[in-house]
Amino acid sequence: MTVDPRMKTRTRVGPLSTGKAPRLDVDALLDDPKTGIIVCCGSGGVGKTTTSAALALRAAERGRTVVVLTIDPARRLAQSMGIEELDNTPRPVADVDPAAGGGLDAMMLDMKRTFDEVVESQATPEKAKQILENPFYIALSSSFAGTQEYMAMEKLGQIHADARRDGSYDLIVVDTPPSRSALDFLDAPERLSSFLDGRFIRLMLAPARGPAKLMTAGFGIITNALTKLLGGQVLTDLQTFVAALDTVFGGFRQRAQKTYALLQADGTAFLVVAAPEPDALREAAYFVERLSEDRMPLAGLIVNRASPAPVGDLSADEAMAAAVRLRKREPGSLTAGLLRLHADQKRLVEREALLRDRFATAHPQVPTAVVPALAGDVHDLEGLRRVSALLAGF
Ligand SMILES: Nc1ncnc2c1ncn2[C@@H]1O[C@H](COP(=O)(O)OP(=O)(O)OP(=O)(O)O)[C@@H](O)[C@H]1O
Ligand SMILES: [Mg+2]
């Protein structure tokens, strides 16, 4: 397993401690000038966007010049960061404490609309309309697994190249698209580029490019068969669409590979975000193994929205026994209800600790941070600051 050697570990303390996993030192990661890219991965809904924004804010307030690339943040969070507008350009986030000399820009990537805009900018209005209404395009731009991931990687590559050239940022924090599996982020661009660079697409492209000599006899037969099957108009639509895509995203595979190399570079740190649930932690384990296979630098695991430990020393069994006794004497007792709640909460916390221990036993070198669930959603800078402080162990 490759664990980033920059990650110093310290013993975890406090009520969420299980003592098995080394503690992820978030501030050491953020402060290290060699950390140039942080990628937050994880399965759907675990807190990738929140974590990315929180880390970026903390890094900025600790003196780094940061840009965070968010994907579909919740509306209120986007508003508080000043990024509701989709223009694919990083904008300065107001109210970031500049005392340490850092700053934060943020942007939101809306893949479907970005894709649409690219098509609109490249084709005549009539052609663009044709493409946008094309069923192949709709499938590709809105549901083909890989488009979002590809666009996120593409944008990361662009920002990184710009930052290199003009020194605009020294840290890029990348959120990843909502997908069922964290692995999609790594797999999808390859799937998409093989599709777009594929033989079928090449064949479809040939007549749209014009030269008759490309029309081999074999291809003529295929075209005829497809025309019969799909109808001439559909085939023309597909060819037009594919031709437009090729103009817009030529060399898909090379570009995807270039960004892949960037993800393997020394300055990159992957953080895997997971909920304290069996499925999410299993996903996280697959992802950790995959990063290691792909020689991508893993910085650690973030267990987000952990159940906060209830106050008091009373064990779950004690609380439960007391609740049963009370209820016998006084049915409908409020105290008995509270004791039950305490018991349930205690059991939940114990179960989550057990799950984390299991992960730590299978992957003992992965530094881990545990962030308790806050009472409400995280929708403003103050909320992000709280999450980031919890992430850093405060
Ligand atoms: N520690 C936390 N405490 C309370 N609420 C949280 C915490 N972390 C995240 N949330 C909330 O959980 C919801 C999902 O979080 P977020 O959008 O960051 O997840 P995601 O992994 O980016 O989801 P998706 O896969 O859909 O992109 C949000 O409403 C967010 O405010
Ligand atoms: Mg998200």
# chains A, B, ... in the order shown; residues from 1 in each chain; ligands from 1

$ residues_near_ligand --ligand "ligand 1" --cutoff "10 Å" --atoms "only C-alpha atoms and all ligand atoms" --output "ChimeraX atom specification"
/A:40-54,70-77,175-182,273-275,303-307,370-380,383-384,386-388,390-391

$ residues_around --residues "Ile172 in chain A" --least-positions-apart "3" --cutoff "8 Å" --atoms "only C-alpha atoms" --output "PyMOL selection string"
chain A and resi 36-38+66-69+160+169

$ atom_distance --atom1 "CA of Glu126 in chain A" --atom2 "CA of Gln239 in chain A"
15.0 Å
